[in-house]
$ cat my_file_24.txt   # compact mmCIF, C-alpha atoms
# COMPACT_ATOMS: atom_id res chain seq x y z
CA MET A 1 3.49 92.67 -107.15
CA ALA A 2 5.89 95.00 -105.42
CA ASP A 3 3.02 97.31 -104.41
CA LYS A 4 1.15 94.36 -102.94
CA LYS A 5 4.20 93.39 -100.88
CA LYS A 6 4.51 96.97 -99.65
CA GLY A 7 0.85 96.95 -98.65
CA ASN A 8 1.31 93.66 -96.82
CA ALA A 9 4.39 95.01 -95.08
CA PHE A 10 2.37 97.98 -93.84
CA THR A 11 -0.67 96.01 -92.68
CA ASN A 12 1.50 93.30 -91.09
CA ASN A 13 3.51 95.82 -89.10
CA PRO A 14 3.08 95.02 -85.35
CA LEU A 15 2.24 98.66 -84.51
CA VAL A 16 -0.35 98.88 -87.30
CA LYS A 17 -1.87 95.56 -86.18
CA ALA A 18 -2.05 96.75 -82.57
CA VAL A 19 -3.58 100.15 -83.33
CA GLY A 20 -5.51 99.31 -86.50
CA THR A 21 -5.05 100.44 -90.09
CA GLN A 22 -8.03 102.80 -90.09
CA LYS A 23 -6.94 104.51 -86.86
CA ILE A 24 -3.46 105.06 -88.30
CA VAL A 25 -4.97 106.56 -91.44
CA VAL A 26 -7.30 108.84 -89.44
CA LEU A 27 -4.38 109.98 -87.28
CA LEU A 28 -2.45 110.86 -90.45
CA VAL A 29 -5.49 112.79 -91.72
CA ILE A 30 -5.52 114.83 -88.50
CA ILE A 31 -1.82 115.65 -88.94
CA VAL A 32 -2.34 116.61 -92.60
CA LEU A 33 -5.33 118.83 -91.73
CA PHE A 34 -3.39 120.58 -89.00
CA ALA A 35 -0.44 121.16 -91.34
CA PHE A 36 -2.74 122.41 -94.12
CA PHE A 37 -4.61 124.92 -91.96
CA SER A 38 -1.35 126.06 -90.34
CA ILE A 39 0.18 126.77 -93.74
CA MET A 40 -2.93 128.50 -95.06
CA SER A 41 -3.39 130.69 -91.98
CA PRO A 42 -0.65 131.58 -89.44
CA GLY A 43 -3.41 132.40 -86.95
CA PHE A 44 -4.41 128.77 -86.83
CA ARG A 45 -1.08 127.89 -85.21
CA LYS A 46 -1.75 130.07 -82.18
CA TYR A 47 -2.44 128.45 -78.81
CA PRO A 48 -6.02 129.87 -78.41
CA THR A 49 -6.95 128.14 -81.67
CA LEU A 50 -5.74 124.81 -80.31
CA VAL A 51 -7.87 125.42 -77.21
CA SER A 52 -10.90 126.11 -79.42
CA ILE A 53 -10.31 122.77 -81.19
CA PHE A 54 -10.53 121.06 -77.81
CA ASP A 55 -13.61 123.13 -76.90
CA TYR A 56 -15.48 121.86 -79.96
CA SER A 57 -14.30 118.31 -79.32
CA TYR A 58 -15.81 117.97 -75.84
CA TYR A 59 -19.51 117.84 -76.56
CA ILE A 60 -19.02 116.07 -79.90
CA SER A 61 -16.80 113.46 -78.19
CA PHE A 62 -19.34 112.67 -75.50
CA MET A 63 -22.20 112.38 -78.00
CA ALA A 64 -20.00 110.24 -80.27
CA ILE A 65 -19.00 107.89 -77.45
CA GLY A 66 -22.66 107.24 -76.69
CA VAL A 67 -23.87 106.88 -80.26
CA THR A 68 -21.01 104.44 -80.99
CA PHE A 69 -22.84 101.84 -78.89
CA CYS A 70 -26.03 102.35 -80.90
CA LEU A 71 -24.16 102.07 -84.20
CA ILE A 72 -22.44 98.88 -83.04
CA THR A 73 -25.86 97.28 -82.46
CA GLY A 74 -26.76 98.18 -86.04
CA GLY A 75 -28.94 101.14 -85.00
CA VAL A 76 -28.52 104.88 -84.65
CA ASP A 77 -29.57 107.69 -82.29
CA LEU A 78 -30.60 110.89 -84.08
CA SER A 79 -31.92 112.53 -80.91
CA ILE A 80 -28.54 113.32 -79.34
CA GLY A 81 -28.00 116.72 -81.01
CA THR A 82 -31.26 118.48 -80.16
CA GLY A 83 -31.44 116.30 -77.05
CA MET A 84 -28.14 117.70 -75.77
CA ILE A 85 -29.51 121.26 -76.15
CA CYS A 86 -32.79 120.28 -74.49
CA TYR A 87 -31.00 118.75 -71.48
CA ALA A 88 -28.74 121.81 -71.14
CA LEU A 89 -31.83 124.06 -71.31
CA PHE A 90 -33.48 122.04 -68.55
CA GLY A 91 -30.38 122.26 -66.35
CA GLY A 92 -30.06 125.99 -66.97
CA TYR A 93 -33.78 126.42 -66.21
CA LEU A 94 -33.31 124.75 -62.81
CA ILE A 95 -30.36 127.03 -62.00
CA THR A 96 -31.37 130.43 -63.33
CA ARG A 97 -35.15 130.30 -63.01
CA GLN A 98 -35.69 127.98 -60.07
CA GLY A 99 -32.69 129.19 -58.06
CA MET A 100 -31.20 125.73 -57.58
CA PRO A 101 -27.46 125.03 -57.12
CA VAL A 102 -25.33 124.31 -60.18
CA LEU A 103 -24.79 120.73 -59.05
CA VAL A 104 -28.56 120.13 -59.20
CA GLY A 105 -28.59 121.61 -62.72
CA ILE A 106 -25.76 119.30 -63.79
CA LEU A 107 -27.50 116.24 -62.36
CA GLY A 108 -30.79 117.34 -63.92
CA THR A 109 -29.12 117.68 -67.32
CA ILE A 110 -27.69 114.16 -67.14
CA LEU A 111 -30.94 112.74 -65.72
CA MET A 112 -32.86 114.11 -68.70
CA GLY A 113 -30.40 112.29 -70.96
CA VAL A 114 -30.98 109.05 -69.05
CA ILE A 115 -34.76 109.42 -69.37
CA MET A 116 -34.57 110.03 -73.12
CA GLY A 117 -32.14 107.12 -73.48
CA CYS A 118 -34.62 104.85 -71.70
CA ILE A 119 -37.44 106.03 -73.98
CA ASN A 120 -35.31 105.33 -77.06
CA GLY A 121 -34.35 101.94 -75.64
CA VAL A 122 -38.01 100.98 -75.15
CA LEU A 123 -39.00 102.18 -78.62
CA VAL A 124 -36.16 100.35 -80.40
CA ALA A 125 -35.51 97.25 -78.28
CA VAL A 126 -38.94 96.50 -76.79
CA LEU A 127 -41.36 97.84 -79.40
CA GLU A 128 -38.90 97.02 -82.22
CA LEU A 129 -39.41 100.31 -84.06
CA PRO A 130 -36.78 101.20 -86.70
CA PRO A 131 -34.04 103.15 -84.86
CA PHE A 132 -33.98 105.88 -87.51
CA ILE A 133 -37.71 106.62 -87.18
CA ALA A 134 -37.87 106.17 -83.40
CA THR A 135 -34.98 108.50 -82.62
CA LEU A 136 -36.09 110.99 -85.28
CA GLY A 137 -39.36 111.18 -83.37
CA THR A 138 -37.68 111.66 -79.99
CA MET A 139 -35.43 114.29 -81.58
CA MET A 140 -38.54 116.33 -82.41
CA VAL A 141 -39.96 115.70 -78.94
CA ALA A 142 -36.74 116.95 -77.33
CA ARG A 143 -36.74 120.08 -79.47
CA GLY A 144 -40.34 120.87 -78.52
CA PHE A 145 -39.84 120.08 -74.83
CA GLY A 146 -36.83 122.38 -74.62
CA SER A 147 -38.92 125.25 -75.97
CA ILE A 148 -41.83 124.51 -73.63
CA ILE A 149 -39.87 124.43 -70.36
CA THR A 150 -38.11 127.70 -71.16
CA GLY A 151 -41.11 129.46 -72.68
CA GLY A 152 -39.25 129.77 -75.96
CA MET A 153 -36.58 131.94 -74.30
CA SER A 154 -32.84 131.37 -74.21
CA VAL A 155 -31.18 130.18 -71.01
CA THR A 156 -27.73 131.12 -69.75
CA TRP A 157 -25.78 129.11 -67.21
CA PRO A 158 -23.81 131.01 -64.52
CA ALA A 159 -20.79 132.94 -65.84
CA ALA A 160 -17.27 131.94 -64.85
CA SER A 161 -16.92 135.09 -62.73
CA SER A 162 -20.02 134.35 -60.65
CA GLU A 163 -20.13 132.36 -57.43
CA GLN A 164 -21.67 129.33 -59.17
CA GLY A 165 -19.40 129.50 -62.20
CA TRP A 166 -16.99 126.93 -60.75
CA PHE A 167 -18.36 124.20 -63.01
CA ARG A 168 -16.81 125.86 -66.08
CA MET A 169 -13.33 125.12 -64.71
CA LEU A 170 -14.11 121.41 -65.03
CA PHE A 171 -13.62 121.86 -68.77
CA LYS A 172 -11.56 125.02 -69.24
CA ILE A 173 -9.45 127.14 -66.90
CA ASN A 174 -9.52 130.65 -68.32
CA LYS A 175 -7.70 133.13 -66.12
CA PRO A 176 -5.31 136.00 -66.94
CA GLY A 177 -2.17 134.34 -68.26
CA LEU A 178 -3.61 130.84 -67.90
CA LEU A 179 -5.73 129.04 -70.51
CA LEU A 180 -5.97 125.27 -70.10
CA PRO A 181 -8.37 122.85 -71.87
CA VAL A 182 -8.69 120.52 -68.86
CA GLY A 183 -11.90 119.03 -70.25
CA PHE A 184 -9.76 116.82 -72.47
CA LEU A 185 -8.83 114.85 -69.34
CA TRP A 186 -12.53 114.02 -68.87
CA VAL A 187 -12.76 112.92 -72.49
CA ILE A 188 -9.73 110.63 -72.13
CA PHE A 189 -11.14 109.22 -68.88
CA PHE A 190 -14.46 108.29 -70.47
CA VAL A 191 -12.80 106.97 -73.64
CA ILE A 192 -10.67 104.58 -71.55
CA LEU A 193 -13.61 103.63 -69.30
CA MET A 194 -15.99 102.91 -72.19
CA SER A 195 -13.29 101.10 -74.18
CA LEU A 196 -12.82 98.73 -71.25
CA PHE A 197 -16.59 98.36 -70.91
CA LEU A 198 -17.04 97.57 -74.60
CA ASN A 199 -14.16 95.14 -74.97
CA LYS A 200 -13.64 93.63 -71.52
CA THR A 201 -17.10 93.21 -70.01
CA ARG A 202 -19.94 90.83 -70.78
CA PRO A 203 -22.52 93.58 -71.58
CA GLY A 204 -20.05 95.20 -73.99
CA ARG A 205 -19.39 91.95 -75.81
CA TYR A 206 -23.15 91.27 -76.00
CA ILE A 207 -23.70 94.69 -77.59
CA ILE A 208 -21.10 93.80 -80.25
CA ALA A 209 -22.69 90.39 -80.74
CA ILE A 210 -26.12 91.96 -81.31
CA GLY A 211 -24.71 94.04 -84.13
CA SER A 212 -22.92 91.06 -85.65
CA ASN A 213 -25.93 88.74 -85.66
CA LYS A 214 -28.95 89.66 -83.58
CA GLU A 215 -30.88 86.42 -84.11
CA ALA A 216 -27.89 84.18 -83.37
CA THR A 217 -27.22 86.17 -80.20
CA ARG A 218 -30.84 85.70 -79.11
CA LEU A 219 -30.71 81.96 -79.81
CA SER A 220 -27.55 81.67 -77.71
CA GLY A 221 -29.54 82.76 -74.67
CA VAL A 222 -28.60 86.44 -74.47
CA ASN A 223 -31.31 88.89 -73.43
CA VAL A 224 -31.11 90.93 -76.64
CA VAL A 225 -33.80 93.42 -75.56
CA LYS A 226 -31.91 94.27 -72.37
CA TYR A 227 -28.53 94.90 -73.98
CA GLN A 228 -29.89 96.66 -77.05
CA ALA A 229 -31.79 99.02 -74.75
CA LEU A 230 -28.60 99.51 -72.74
CA ALA A 231 -26.87 100.89 -75.83
CA TYR A 232 -29.50 103.62 -76.16
CA ILE A 233 -29.43 104.38 -72.45
CA LEU A 234 -25.66 104.89 -72.67
CA SER A 235 -26.22 107.18 -75.66
CA GLY A 236 -28.65 109.23 -73.56
CA VAL A 237 -26.25 109.39 -70.62
CA PHE A 238 -23.44 110.73 -72.77
CA ALA A 239 -25.76 113.19 -74.53
CA GLY A 240 -26.54 114.52 -71.04
CA ILE A 241 -22.83 114.80 -70.21
CA ALA A 242 -22.38 116.54 -73.58
CA GLY A 243 -25.05 119.05 -72.50
CA VAL A 244 -23.04 119.90 -69.39
CA ALA A 245 -19.85 120.27 -71.46
CA TYR A 246 -21.63 122.49 -73.98
CA ALA A 247 -22.97 124.76 -71.24
CA ALA A 248 -19.58 124.90 -69.48
CA VAL A 249 -17.43 125.73 -72.50
CA PHE A 250 -19.67 128.15 -74.38
CA SER A 251 -20.65 131.19 -72.32
CA SER A 252 -23.31 132.41 -74.75
CA SER A 253 -26.95 131.67 -73.99
CA ILE A 254 -28.44 128.38 -75.10
CA ALA A 255 -31.34 128.84 -77.50
CA PRO A 256 -34.34 126.48 -77.79
CA GLY A 257 -34.66 124.75 -81.14
CA SER A 258 -30.91 124.70 -81.79
CA GLY A 259 -28.73 121.60 -81.96
CA ALA A 260 -30.08 120.19 -85.23
CA GLY A 261 -27.21 118.68 -87.20
CA LEU A 262 -24.86 118.29 -84.23
CA GLU A 263 -25.74 114.60 -84.11
CA LEU A 264 -24.24 114.25 -87.60
CA ASP A 265 -20.88 115.51 -86.32
CA ALA A 266 -20.93 112.80 -83.65
CA ILE A 267 -22.12 110.05 -86.02
CA ALA A 268 -19.56 111.07 -88.63
CA GLY A 269 -16.81 111.00 -86.01
CA ALA A 270 -17.77 107.47 -84.98
CA ILE A 271 -17.92 106.21 -88.58
CA ILE A 272 -14.65 107.91 -89.55
CA GLY A 273 -13.07 106.24 -86.52
CA GLY A 274 -14.01 102.78 -87.77
CA THR A 275 -17.49 102.05 -86.38
CA SER A 276 -19.55 100.22 -88.97
CA MET A 277 -23.02 101.47 -89.94
CA THR A 278 -24.12 97.84 -90.30
CA GLY A 279 -23.12 97.05 -86.72
CA GLY A 280 -20.88 94.50 -85.03
CA CYS A 281 -17.72 96.59 -85.23
CA GLY A 282 -16.55 99.72 -83.44
CA SER A 283 -13.86 101.36 -81.36
CA ILE A 284 -14.23 104.11 -78.75
CA PHE A 285 -10.63 105.23 -79.30
CA GLY A 286 -11.23 105.30 -83.06
CA THR A 287 -14.34 107.41 -82.42
CA LEU A 288 -12.20 109.95 -80.55
CA LEU A 289 -9.83 110.23 -83.51
CA GLY A 290 -12.78 110.67 -85.86
CA VAL A 291 -14.18 113.41 -83.63
CA PHE A 292 -10.89 115.29 -83.85
CA VAL A 293 -11.16 115.26 -87.63
CA MET A 294 -14.58 116.95 -87.31
CA SER A 295 -13.35 119.35 -84.62
CA MET A 296 -10.30 120.27 -86.70
CA LEU A 297 -12.57 121.10 -89.63
CA LYS A 298 -14.96 123.16 -87.48
CA SER A 299 -12.07 125.23 -86.14
CA GLY A 300 -9.94 125.35 -89.29
CA LEU A 301 -12.38 126.05 -92.11
CA PRO A 302 -13.23 129.61 -90.94
CA TYR A 303 -9.49 130.41 -91.07
CA ILE A 304 -9.45 129.81 -94.81
CA GLY A 305 -12.53 131.92 -95.36
CA LEU A 306 -15.27 129.29 -95.59
CA GLN A 307 -18.54 130.33 -93.98
CA ALA A 308 -20.96 128.13 -92.02
CA ASN A 309 -22.90 126.97 -95.08
CA TRP A 310 -19.75 125.62 -96.73
CA GLN A 311 -18.74 123.96 -93.47
CA GLN A 312 -22.05 122.05 -93.47
CA ILE A 313 -21.51 120.97 -97.07
CA ILE A 314 -18.01 119.68 -96.30
CA THR A 315 -19.26 117.89 -93.17
CA GLY A 316 -21.99 116.19 -95.23
CA LEU A 317 -19.52 115.13 -97.91
CA ILE A 318 -17.17 113.69 -95.29
CA LEU A 319 -20.05 111.72 -93.77
CA ILE A 320 -20.99 110.34 -97.21
CA LEU A 321 -17.35 109.41 -97.87
CA ALA A 322 -17.03 107.70 -94.49
CA VAL A 323 -20.19 105.64 -95.11
CA PHE A 324 -18.99 104.77 -98.62
CA ILE A 325 -15.66 103.51 -97.25
CA ASP A 326 -17.56 101.47 -94.65
CA VAL A 327 -19.71 99.91 -97.40
CA ILE A 328 -16.62 99.03 -99.47
CA LYS A 329 -14.95 97.52 -96.42
CA ASN A 330 -17.99 95.38 -95.63
CA ARG A 331 -18.15 94.15 -99.24
CA LYS A 332 -14.53 93.04 -99.07
CA LEU A 333 -15.18 91.22 -95.80
CA ALA A 334 -18.22 89.53 -97.34

$ encode --input "my_file_24.txt" --output "structure tokens"
Amino acid sequence: MADKKKGNAFTNNPLVKAVGTQKIVVLLVIIVLFAFFSIMSPGFRKYPTLVSIFDYSYYISFMAIGVTFCLITGGVDLSIGTGMICYALFGGYLITRQGMPVLVGILGTILMGVIMGCINGVLVAVLELPPFIATLGTMMVARGFGSIITGGMSVTWPAASSEQGWFRMLFKINKPGLLLPVGFLWVIFFVILMSLFLNKTRPGRYIIAIGSNKEATRLSGVNVVKYQALAYILSGVFAGIAGVAYAAVFSSSIAPGSGAGLELDAIAGAIIGGTSMTGGCGSIFGTLLGVFVMSMLKSGLPYIGLQANWQQIITGLILILAVFIDVIKNRKLA
């Protein structure tokens, strides 16, 4: 009885009510992970490591923001991982092989994301294909297209030291004695913007309503096809932005055929942050917290000696756990 009262006292706390129980728990998980990795490896506490955590969070955050809208409708977008690489390859191709300005490459990268988002929207909302199958198909298309446009060769965007390398400073300022992860400001900007869109605008509320009860939303006079397609278009837009962030932060060349599995990091981040796999419930701010759990693991696990294969296993287990918690939560609500 006493434990129940304590639980009620926690959940009825005004701060917990305002932020949300799951977000508070995820924030505590982030703190615990940071403390654990810091204790296990003194190198983790160094400032460059913190910057690397932010570096990993940029492209995952943008993909996760977009896919959150798909998940809220009760769908999913599996094309964002390989799609992000494909869009970045296309932008790099325009810059390095066609001699176009960096700005054209950036716009081309985002435009490719918009096009793929529109294709996914048509397949899922208009043709009513299962989202899993439809976006799995476009994922394979994106992977093949990226290889075709580059001739199977890697593409490198301009280096920070070159005349066109200014775009890298949009996400990270890396000069002698100065290392700043300024890209986090872009992440915060889009998190706030999309939170307002989801919760304060009519299209955002319609997207939530579709996930809650698609047929009831249709019967109430809402154009379900339009707003369900919008969710996938937004996912494509943010996958394009993620492509720009990926190219800006990581100076190594971008290889065709890579990117498989990155969509799971984004989806896991959204689910950990409180977005339901069954739809009708989600939070952009919660997604950001979930992404930081994934980013913390990506940066911290190598410091305790775990190689890439073990990192993938742990990421998969976390995704399974997050889905299991979501299932339990939905059963309780039912």

$ atom_distance --input "my_file_24.txt" --atom1 "CA of Leu264 in chain A" --atom2 "CA of Thr68 in chain A"
12.3 Å

$ atom_distance --input "my_file_24.txt" --atom1 "CA of Leu198 in chain A" --atom2 "CA of Lys214 in chain A"
16.9 Å

$ closest_atom_pairs --input "my_file_24.txt" --of "range 207-263 of chain A" --to "range 140-151 of chain A" --cutoff "12 Å" --atoms "all atoms listed in the file" --output "CSV"
residue,atom,partner,partner_atom,distance
A:Gly236,CA,A:Ala142,CA,11.8
A:Ala239,CA,A:Ala142,CA,11.9
A:Ile254,CA,A:Gly146,CA,10.3
A:Ala255,CA,A:Ser147,CA,8.5
A:Pro256,CA,A:Ser147,CA,5.1
A:Gly257,CA,A:Arg143,CA,5.4
A:Ser258,CA,A:Arg143,CA,7.8
A:Gly259,CA,A:Arg143,CA,8.5
A:Ala260,CA,A:Arg143,CA,8.8

$ residues_around --input "my_file_24.txt" --residues "range 318-320 of chain A" --least-positions-apart "3" --cutoff "12 Å" --atoms "all atoms listed in the file" --output "list in words"
Gly261, Glu263, Leu264, Asp265, Ala266, Ile267, Ala268, Gly269, Ala270, Ile271, Ile272, Gly273, Met277, Gly290, Val291, Val293, Met294, Leu297, Gln311, Gln312, Ile313, Ile314, Thr315, Val323, Phe324, Ile325, Asp326 and Val327 of chain A

$ atom_distance --input "my_file_24.txt" --atom1 "CA of Ile80 in chain A" --atom2 "CA of Val51 in chain A"
24.0 Å

$ residues_near_point --input "my_file_24.txt" --point "(-12.8, 125.2, -66.6)" --cutoff "12 Å" --atoms "all atoms listed in the file" --output "mmCIF file with C-alpha atoms, in the coordinates of the input"
data_model
loop_
_atom_site.group_PDB
_atom_site.id
_atom_site.type_symbol
_atom_site.label_atom_id
_atom_site.label_comp_id
_atom_site.auth_asym_id
_atom_site.auth_seq_id
_atom_site.Cartn_x
_atom_site.Cartn_y
_atom_site.Cartn_z
ATOM 1 C CA VAL A 51 -7.870 125.420 -77.210
ATOM 2 C CA ASP A 55 -13.610 123.130 -76.900
ATOM 3 C CA ALA A 159 -20.790 132.940 -65.840
ATOM 4 C CA ALA A 160 -17.270 131.940 -64.850
ATOM 5 C CA SER A 161 -16.920 135.090 -62.730
ATOM 6 C CA GLY A 165 -19.400 129.500 -62.200
ATOM 7 C CA TRP A 166 -16.990 126.930 -60.750
ATOM 8 C CA PHE A 167 -18.360 124.200 -63.010
ATOM 9 C CA ARG A 168 -16.810 125.860 -66.080
ATOM 10 C CA MET A 169 -13.330 125.120 -64.710
ATOM 11 C CA LEU A 170 -14.110 121.410 -65.030
ATOM 12 C CA PHE A 171 -13.620 121.860 -68.770
ATOM 13 C CA LYS A 172 -11.560 125.020 -69.240
ATOM 14 C CA ILE A 173 -9.450 127.140 -66.900
ATOM 15 C CA ASN A 174 -9.520 130.650 -68.320
ATOM 16 C CA LYS A 175 -7.700 133.130 -66.120
ATOM 17 C CA LEU A 178 -3.610 130.840 -67.900
ATOM 18 C CA LEU A 179 -5.730 129.040 -70.510
ATOM 19 C CA LEU A 180 -5.970 125.270 -70.100
ATOM 20 C CA PRO A 181 -8.370 122.850 -71.870
ATOM 21 C CA VAL A 182 -8.690 120.520 -68.860
ATOM 22 C CA GLY A 183 -11.900 119.030 -70.250
ATOM 23 C CA PHE A 184 -9.760 116.820 -72.470
ATOM 24 C CA LEU A 185 -8.830 114.850 -69.340
ATOM 25 C CA TRP A 186 -12.530 114.020 -68.870
ATOM 26 C CA VAL A 244 -23.040 119.900 -69.390
ATOM 27 C CA ALA A 245 -19.850 120.270 -71.460
ATOM 28 C CA TYR A 246 -21.630 122.490 -73.980
ATOM 29 C CA ALA A 247 -22.970 124.760 -71.240
ATOM 30 C CA ALA A 248 -19.580 124.900 -69.480
ATOM 31 C CA VAL A 249 -17.430 125.730 -72.500
ATOM 32 C CA PHE A 250 -19.670 128.150 -74.380
ATOM 33 C CA SER A 251 -20.650 131.190 -72.320
#

$ residues_around --input "my_file_24.txt" --residues "Ile72 in chain A" --least-positions-apart "3" --cutoff "6 Å" --atoms "only C-alpha atoms" --output "list in words"
Phe69, Ile208, Gly211, Gly279, Gly280, Cys281 and Gly282 of chain A

$ closest_residue --input "my_file_24.txt" --among "A:Leu28, A:Ala134, A:Val104, A:Met139" --to "Gly121 in chain A" --atoms "all atoms listed in the file"
A:Ala134

$ residues_around --input "my_file_24.txt" --residues "Val224 in chain A" --least-positions-apart "2" --cutoff "9 Å" --atoms "all atoms listed in the file" --output "number ranges by chain"
A: 125, 206-207, 210, 214-215, 217-218, 221-222, 226-229

$ write_last_selection --input "my_file_24.txt" --atoms "C-alpha atoms" --output "PDB file, in the coordinates of the input"
ATOM      1  CA  ALA A 125     -35.510  97.250 -78.280  1.00  0.00           C
ATOM      2  CA  TYR A 206     -23.150  91.270 -76.000  1.00  0.00           C
ATOM      3  CA  ILE A 207     -23.700  94.690 -77.590  1.00  0.00           C
ATOM      4  CA  ILE A 210     -26.120  91.960 -81.310  1.00  0.00           C
ATOM      5  CA  LYS A 214     -28.950  89.660 -83.580  1.00  0.00           C
ATOM      6  CA  GLU A 215     -30.880  86.420 -84.110  1.00  0.00           C
ATOM      7  CA  THR A 217     -27.220  86.170 -80.200  1.00  0.00           C
ATOM      8  CA  ARG A 218     -30.840  85.700 -79.110  1.00  0.00           C
ATOM      9  CA  GLY A 221     -29.540  82.760 -74.670  1.00  0.00           C
ATOM     10  CA  VAL A 222     -28.600  86.440 -74.470  1.00  0.00           C
ATOM     11  CA  LYS A 226     -31.910  94.270 -72.370  1.00  0.00           C
ATOM     12  CA  TYR A 227     -28.530  94.900 -73.980  1.00  0.00           C
ATOM     13  CA  GLN A 228     -29.890  96.660 -77.050  1.00  0.00           C
ATOM     14  CA  ALA A 229     -31.790  99.020 -74.750  1.00  0.00           C
TER      15      ALA A 229
END

$ closest_residue --input "my_file_24.txt" --among "A:Ile95, A:Ile304, A:Met63, A:Leu71" --to "Ser212 in chain A" --atoms "all atoms listed in the file"
A:Leu71

$ residues_near_point --input "my_file_24.txt" --point "(-11.0, 125.8, -85.4)" --cutoff "10 Å" --atoms "all atoms listed in the file" --output "list in words"
Phe34, Phe37, Phe44, Pro48, Thr49, Leu50, Val51, Ser52, Ile53, Phe54, Asp55, Tyr56, Met294, Ser295, Met296, Leu297, Lys298, Ser299, Gly300, Leu301, Pro302 and Tyr303 of chain A

$ closest_residue --input "my_file_24.txt" --among "A:Ile133, A:Leu234, A:Leu289, A:Ile60" --to "Leu27 in chain A" --atoms "all atoms listed in the file"
A:Leu289

$ closest_residue --input "my_file_24.txt" --among "A:Pro158, A:Pro42, A:Gly204, A:Gly177" --to "Val102 in chain A" --atoms "all atoms listed in the file"
A:Pro158

$ residues_around --input "my_file_24.txt" --residues "Ile119 in chain A" --least-positions-apart "4" --cutoff "9 Å" --atoms "all atoms listed in the file" --output "list in words"
Val114, Ile115, Leu123, Val124, Thr138, Tyr232 and Ile233 of chain A

$ write_last_selection --input "my_file_24.txt" --atoms "C-alpha atoms" --output "PDB file, in the coordinates of the input"
ATOM      1  CA  VAL A 114     -30.980 109.050 -69.050  1.00  0.00           C
ATOM      2  CA  ILE A 115     -34.760 109.420 -69.370  1.00  0.00           C
ATOM      3  CA  LEU A 123     -39.000 102.180 -78.620  1.00  0.00           C
ATOM      4  CA  VAL A 124     -36.160 100.350 -80.400  1.00  0.00           C
ATOM      5  CA  THR A 138     -37.680 111.660 -79.990  1.00  0.00           C
ATOM      6  CA  TYR A 232     -29.500 103.620 -76.160  1.00  0.00           C
ATOM      7  CA  ILE A 233     -29.430 104.380 -72.450  1.00  0.00           C
TER       8      ILE A 233
END

$ closest_residue --input "my_file_24.txt" --among "A:Ser41, A:Gln164, A:Asn309, A:Ser57" --to "Met100 in chain A" --atoms "all atoms listed in the file"
A:Gln164

$ closest_residue --input "my_file_24.txt" --among "A:Ile31, A:Val126, A:Leu262, A:Ile241" --to "Asn223 in chain A" --atoms "all atoms listed in the file"
A:Val126

$ residues_around --input "my_file_24.txt" --residues "Pro131 in chain A" --least-positions-apart "3" --cutoff "9 Å" --atoms "all atoms listed in the file" --output "list in words"
Cys70, Gly74, Gly75, Val76, Asp77, Leu78, Asn120, Leu123, Val124, Ala125, Glu128, Ala134, Thr135 and Leu136 of chain A
